[in-house]
Amino acid sequence: MSVLLTGITELTTNDPERSEHAGAGTDPGDRLLGIVRDAALVVSDTGPDAVVEWVGRAADAPDADERRDLGGRAVIPGFVDSHTHLVFAGDRSAEFAARMTGTPYDGGGIAVSVAATRAASDEELRAHVASRVAEMRAQGTTTVEIKSGYGLTVEDELRSLRIAREFTSHTTFLGAHVVPREHAADRTAYLELVVGPMLDAVVAAGGAALAESIDVFCEPHSTHAFDGDEARVVLEAGRAAGLALRVHGNQLGHGPGVQLACELEARSVDHCTYLSSADVDALVAARGSTVATLLPGVEFSTRSPYPDARHLIDAGVDVALASDCNPGTCYSSSMPFAIALAVREMGMTPAEALHAATAVSARSLGLDRRLAPGRPAELAVIDGPSHLHLAYRAGVPIVRALDL
């Protein structure tokens, strides 16, 4: 069965050639997003297997089995949230309140979430993740990456990944989130556990890897996280086990995370709050292999300085946006919120922010997020005539995943 979607005032395809063929003009934002105005889409099938069959102007649309009028709304590719920590229990609102009165963040609060997550049942964790994923879809997110990292034992990391795997194929093993309290006196023993029995179990579980990627919190400014040498051990072990690489880098201060990620050709290095000129040069040189994923909700929630996205983009760095939804430093699942912050606080244009939250974030997961024939029909609809409304109407729930 095919469905013709009409009544689309503005369609973002993320395909620059599509915009040119549609005669959308020479606006850089139009070209970047592959904008088609007065557009239509034909989608085959419905549900999770829906595929785009045709894209173009409504006046040229072919016939289909069904017709659905979207009433003058804008349509975009669904957001790709490429950095989240959704498998957790417990609450750290008191920590947030303390930060708002000046208490700095140093990673220590993660232990609170670890204790609560270990104590929760599988059913409780599963219900929490289901609720958070539904919340994301209600705000336009159709693809999500989910990390472990609040278990920090072999058993608890495995069950976190198993639960995450029920909701997405984009799972990341983050046993190297922090050193848990029971190993505080022997960091080396915990590192050996992560790259030995824990990693072995993740890769071998059920005859297939529970994770497609491995991540590490590389942050010498936190006594709870990992320095550059420790992070290298984790990443090289993960790569040898066949996992793609991701890095939490340069969140709390200048450090080795960004350059290590670029050297090892990690798919992404995330946060990038504190960057030197050498870090930016490394990201430019790694363009095409390593994406700089910015997480402005974290800066909002920790009163930290925002990364200079304008400088990175002008230098030629691939910049993505993600929510970093987690219980401590950003309990927000809203990609529209991340877009609004990126435009208001980080110097991105609305078009750049949307592109970063769809096409570039998808690239960091090894995906191609264009709306083109043969591509998955993962769509979001805006209750407004243009993508500009995502930042223009900040905080208003105007975008949602489109159920077909």
# chains A, B, ... in the order shown; residues from 1 in each chain; ligands from 1
$ residues_around --residues "stretch 300-310 of chain A" --least-positions-apart "3" --cutoff "7 Å" --atoms "only C-alpha atoms" --output "list in words"
Arg99, Tyr105, Cys272, Thr273, Pro296, Gly297, Ile313, Asp314, Thr329, Cys330, Glu345, Met346, Gly347 and Met348 of chain A
$ select_by_dssp --residues "stretch 176-371 of chain A" --states "helix (DSSP H, G or I)" --output "MDAnalysis selection string"
chainID A and resid 181:183 187:207 228:240 257:263 277:285 296:302 309:315 335:345 350:363
$ residues_around --residues "A:Ala164" --least-positions-apart "6" --cutoff "7 Å" --atoms "only C-alpha atoms" --output "MDAnalysis selection string"
chainID A and resid 87 146 171
$ write_last_selection --atoms "C-alpha atoms" --output "compact mmCIF listing (two decimals), in the first residue's frame"
# COMPACT_ATOMS: atom_id res chain seq x y z
CA VAL A 87 18.63 3.10 31.22
CA ILE A 146 21.26 4.44 24.20
CA THR A 171 23.47 0.68 21.77
$ closest_residue --among "A:Leu312, A:Leu404, A:Val80, A:Val114" --to "A:Thr141" --atoms "only C-alpha atoms"
A:Val80
$ residues_around --residues "A:Ala340" --least-positions-apart "4" --cutoff "9 Å" --atoms "only C-alpha atoms" --output "VMD selection string"
chain A and resid 335 to 336 344 to 345 350 353 390 to 395
$ closest_residue --among "A:Leu193, A:Ala59, A:Ala89, A:Leu152" --to "A:His128" --atoms "only C-alpha atoms"
A:Ala89
$ closest_residue --among "A:Gly253, A:Gly328, A:Gly175, A:Gly288" --to "A:Leu235" --atoms "only C-alpha atoms"
A:Gly175
$ closest_residue --among "A:Ser386, A:Thr103, A:Thr168, A:Thr117" --to "A:Phe88" --atoms "only C-alpha atoms"
A:Thr117
$ residues_around --residues "A:Thr142" --least-positions-apart "6" --cutoff "7 Å" --atoms "only C-alpha atoms" --output "mmCIF file with N, CA and C atoms, in the first residue's frame"
data_model
loop_
_atom_site.group_PDB
_atom_site.id
_atom_site.type_symbol
_atom_site.label_atom_id
_atom_site.label_comp_id
_atom_site.auth_asym_id
_atom_site.auth_seq_id
_atom_site.Cartn_x
_atom_site.Cartn_y
_atom_site.Cartn_z
ATOM 1 N N GLY A 78 13.005 12.719 10.865
ATOM 2 C CA GLY A 78 12.959 12.581 12.315
ATOM 3 C C GLY A 78 14.319 12.851 12.924
ATOM 4 N N PHE A 79 14.331 13.457 14.107
ATOM 5 C CA PHE A 79 15.591 13.734 14.788
ATOM 6 C C PHE A 79 16.329 12.435 15.106
ATOM 7 N N VAL A 80 17.635 12.511 15.045
ATOM 8 C CA VAL A 80 18.500 11.395 15.444
ATOM 9 C C VAL A 80 19.214 11.815 16.719
ATOM 10 N N GLU A 378 11.276 7.917 7.992
ATOM 11 C CA GLU A 378 11.284 8.371 9.383
ATOM 12 C C GLU A 378 11.077 9.880 9.354
ATOM 13 N N ALA A 401 6.950 12.980 15.977
ATOM 14 C CA ALA A 401 7.176 11.938 14.978
ATOM 15 C C ALA A 401 5.862 11.658 14.266
#
$ residues_around --residues "A:Ser276" --least-positions-apart "3" --cutoff "10 Å" --atoms "only C-alpha atoms" --output "PyMOL selection string"
chain A and resi 250+254-255+258+272+279-282
$ write_last_selection --atoms "N, CA and C atoms" --output "short mmCIF file (atom, residue, chain, number, x, y, z; two decimals), in the first residue's frame"
data_model
loop_
_atom_site.label_atom_id
_atom_site.label_comp_id
_atom_site.auth_asym_id
_atom_site.auth_seq_id
_atom_site.Cartn_x
_atom_site.Cartn_y
_atom_site.Cartn_z
N ASN A 250 36.49 16.40 26.80
CA ASN A 250 36.66 17.84 27.00
C ASN A 250 35.39 18.51 27.52
N HIS A 254 40.02 21.48 29.49
CA HIS A 254 40.88 21.03 28.39
C HIS A 254 41.49 19.67 28.75
N GLY A 255 41.60 18.80 27.77
CA GLY A 255 42.12 17.46 28.02
C GLY A 255 42.39 16.73 26.73
N VAL A 258 39.44 14.86 22.85
CA VAL A 258 39.14 15.18 21.46
C VAL A 258 40.23 14.65 20.54
N CYS A 272 32.81 18.45 23.89
CA CYS A 272 33.67 19.43 23.20
C CYS A 272 33.45 20.84 23.75
N ASP A 279 42.89 21.12 19.21
CA ASP A 279 41.71 20.25 19.18
C ASP A 279 40.88 20.53 17.92
N VAL A 280 40.69 21.81 17.62
CA VAL A 280 39.91 22.17 16.43
C VAL A 280 40.62 21.68 15.18
N ASP A 281 41.94 21.84 15.12
CA ASP A 281 42.70 21.36 13.96
C ASP A 281 42.53 19.85 13.80
N ALA A 282 42.54 19.13 14.91
CA ALA A 282 42.37 17.67 14.85
C ALA A 282 40.99 17.31 14.32
#
$ closest_residue --among "A:Thr293, A:Val399, A:Ser222, A:Ala278" --to "A:Pro104" --atoms "only C-alpha atoms"
A:Ser222
$ closest_residue --among "A:Ala116, A:Ala64, A:Ala266, A:Val202" --to "A:Glu157" --atoms "only C-alpha atoms"
A:Val202
$ atom_distance --atom1 "atom CA of A:Arg239" --atom2 "atom CA of A:Ser323"
25.4 Å
$ select_by_dssp --residues "stretch 141-352 of chain A" --states "strand (DSSP E)" --output "PyMOL selection string"
chain A and resi 141-144+146-147+171-176+213-218+244-249+268-271+291-294+319-321
$ write_last_selection --atoms "C-alpha atoms" --output "PDB file, in the first residue's frame"
ATOM      1  CA  THR A 141      12.877  11.912  17.610  1.00  0.00           C
ATOM      2  CA  THR A 142      12.669   8.735  15.537  1.00  0.00           C
ATOM      3  CA  THR A 143      16.164   7.284  16.060  1.00  0.00           C
ATOM      4  CA  VAL A 144      17.968   7.083  19.389  1.00  0.00           C
ATOM      5  CA  ILE A 146      21.257   4.441  24.200  1.00  0.00           C
ATOM      6  CA  LYS A 147      24.304   3.900  26.419  1.00  0.00           C
ATOM      7  CA  THR A 171      23.469   0.684  21.770  1.00  0.00           C
ATOM      8  CA  THR A 172      26.757   1.742  23.340  1.00  0.00           C
ATOM      9  CA  PHE A 173      28.751  -0.011  26.047  1.00  0.00           C
ATOM     10  CA  LEU A 174      29.828   2.595  28.640  1.00  0.00           C
ATOM     11  CA  GLY A 175      31.325   0.470  31.372  1.00  0.00           C
ATOM     12  CA  ALA A 176      34.034   3.144  31.493  1.00  0.00           C
ATOM     13  CA  SER A 213      29.855   0.953  20.030  1.00  0.00           C
ATOM     14  CA  ILE A 214      32.066   1.483  23.062  1.00  0.00           C
ATOM     15  CA  ASP A 215      32.396   4.793  24.894  1.00  0.00           C
ATOM     16  CA  VAL A 216      34.566   6.227  27.671  1.00  0.00           C
ATOM     17  CA  PHE A 217      34.285   9.310  29.883  1.00  0.00           C
ATOM     18  CA  CYS A 218      37.755  10.744  29.221  1.00  0.00           C
ATOM     19  CA  ALA A 244      32.785   1.392  16.844  1.00  0.00           C
ATOM     20  CA  LEU A 245      34.294   4.101  19.056  1.00  0.00           C
ATOM     21  CA  ARG A 246      32.643   7.036  20.817  1.00  0.00           C
ATOM     22  CA  VAL A 247      34.203   9.383  23.393  1.00  0.00           C
ATOM     23  CA  HIS A 248      32.979  11.749  26.106  1.00  0.00           C
ATOM     24  CA  GLY A 249      35.693  14.392  25.745  1.00  0.00           C
ATOM     25  CA  SER A 268      32.076  10.900  17.497  1.00  0.00           C
ATOM     26  CA  VAL A 269      33.581  12.873  20.323  1.00  0.00           C
ATOM     27  CA  ASP A 270      30.856  14.367  22.461  1.00  0.00           C
ATOM     28  CA  HIS A 271      30.650  17.515  24.622  1.00  0.00           C
ATOM     29  CA  VAL A 291      31.887  14.070  14.325  1.00  0.00           C
ATOM     30  CA  ALA A 292      31.913  16.666  17.109  1.00  0.00           C
ATOM     31  CA  THR A 293      28.603  16.097  18.917  1.00  0.00           C
ATOM     32  CA  LEU A 294      27.554  19.109  20.971  1.00  0.00           C
ATOM     33  CA  VAL A 319      28.994  19.235  14.070  1.00  0.00           C
ATOM     34  CA  ALA A 320      26.085  17.166  15.407  1.00  0.00           C
ATOM     35  CA  LEU A 321      23.545  17.896  18.138  1.00  0.00           C
TER      36      LEU A 321
END
$ atom_distance --atom1 "atom CA of A:Tyr190" --atom2 "atom CA of A:Arg118"
17.1 Å
$ residues_around --residues "A:Leu379" --least-positions-apart "2" --cutoff "7 Å" --atoms "only C-alpha atoms" --output "list in words"
Val75, Ile76, Pro77, Gly78, Ala377, Val381, Ala401 and Leu402 of chain A
$ write_last_selection --atoms "N, CA, C and O atoms" --output "CSV table (one decimal), in the first residue's frame"
chain,number,residue,atom,x,y,z
A,75,VAL,N,7.5,19.4,7.1
A,75,VAL,CA,7.9,18.0,7.4
A,75,VAL,C,9.4,18.0,7.4
A,75,VAL,O,10.1,18.6,6.5
A,76,ILE,N,10.0,17.3,8.3
A,76,ILE,CA,11.5,17.2,8.4
A,76,ILE,C,11.8,15.7,8.6
A,76,ILE,O,11.0,14.9,9.0
A,77,PRO,N,13.1,15.3,8.4
A,77,PRO,CA,13.5,13.9,8.8
A,77,PRO,C,13.4,13.9,10.3
A,77,PRO,O,13.6,14.9,11.0
A,78,GLY,N,13.0,12.7,10.9
A,78,GLY,CA,13.0,12.6,12.3
A,78,GLY,C,14.3,12.9,12.9
A,78,GLY,O,15.4,12.5,12.3
A,377,ALA,N,11.2,6.0,5.8
A,377,ALA,CA,10.3,7.1,5.9
A,377,ALA,C,10.2,7.4,7.4
A,377,ALA,O,9.1,7.3,8.0
A,381,VAL,N,6.7,16.0,11.9
A,381,VAL,CA,5.9,17.0,11.3
A,381,VAL,C,5.8,18.2,12.4
A,381,VAL,O,5.7,18.0,13.6
A,401,ALA,N,6.9,13.0,16.0
A,401,ALA,CA,7.2,11.9,15.0
A,401,ALA,C,5.9,11.7,14.3
A,401,ALA,O,4.8,11.6,14.9
A,402,LEU,N,5.9,11.5,13.0
A,402,LEU,CA,4.7,11.2,12.2
A,402,LEU,C,4.5,9.7,12.1
A,402,LEU,O,5.3,9.0,11.5
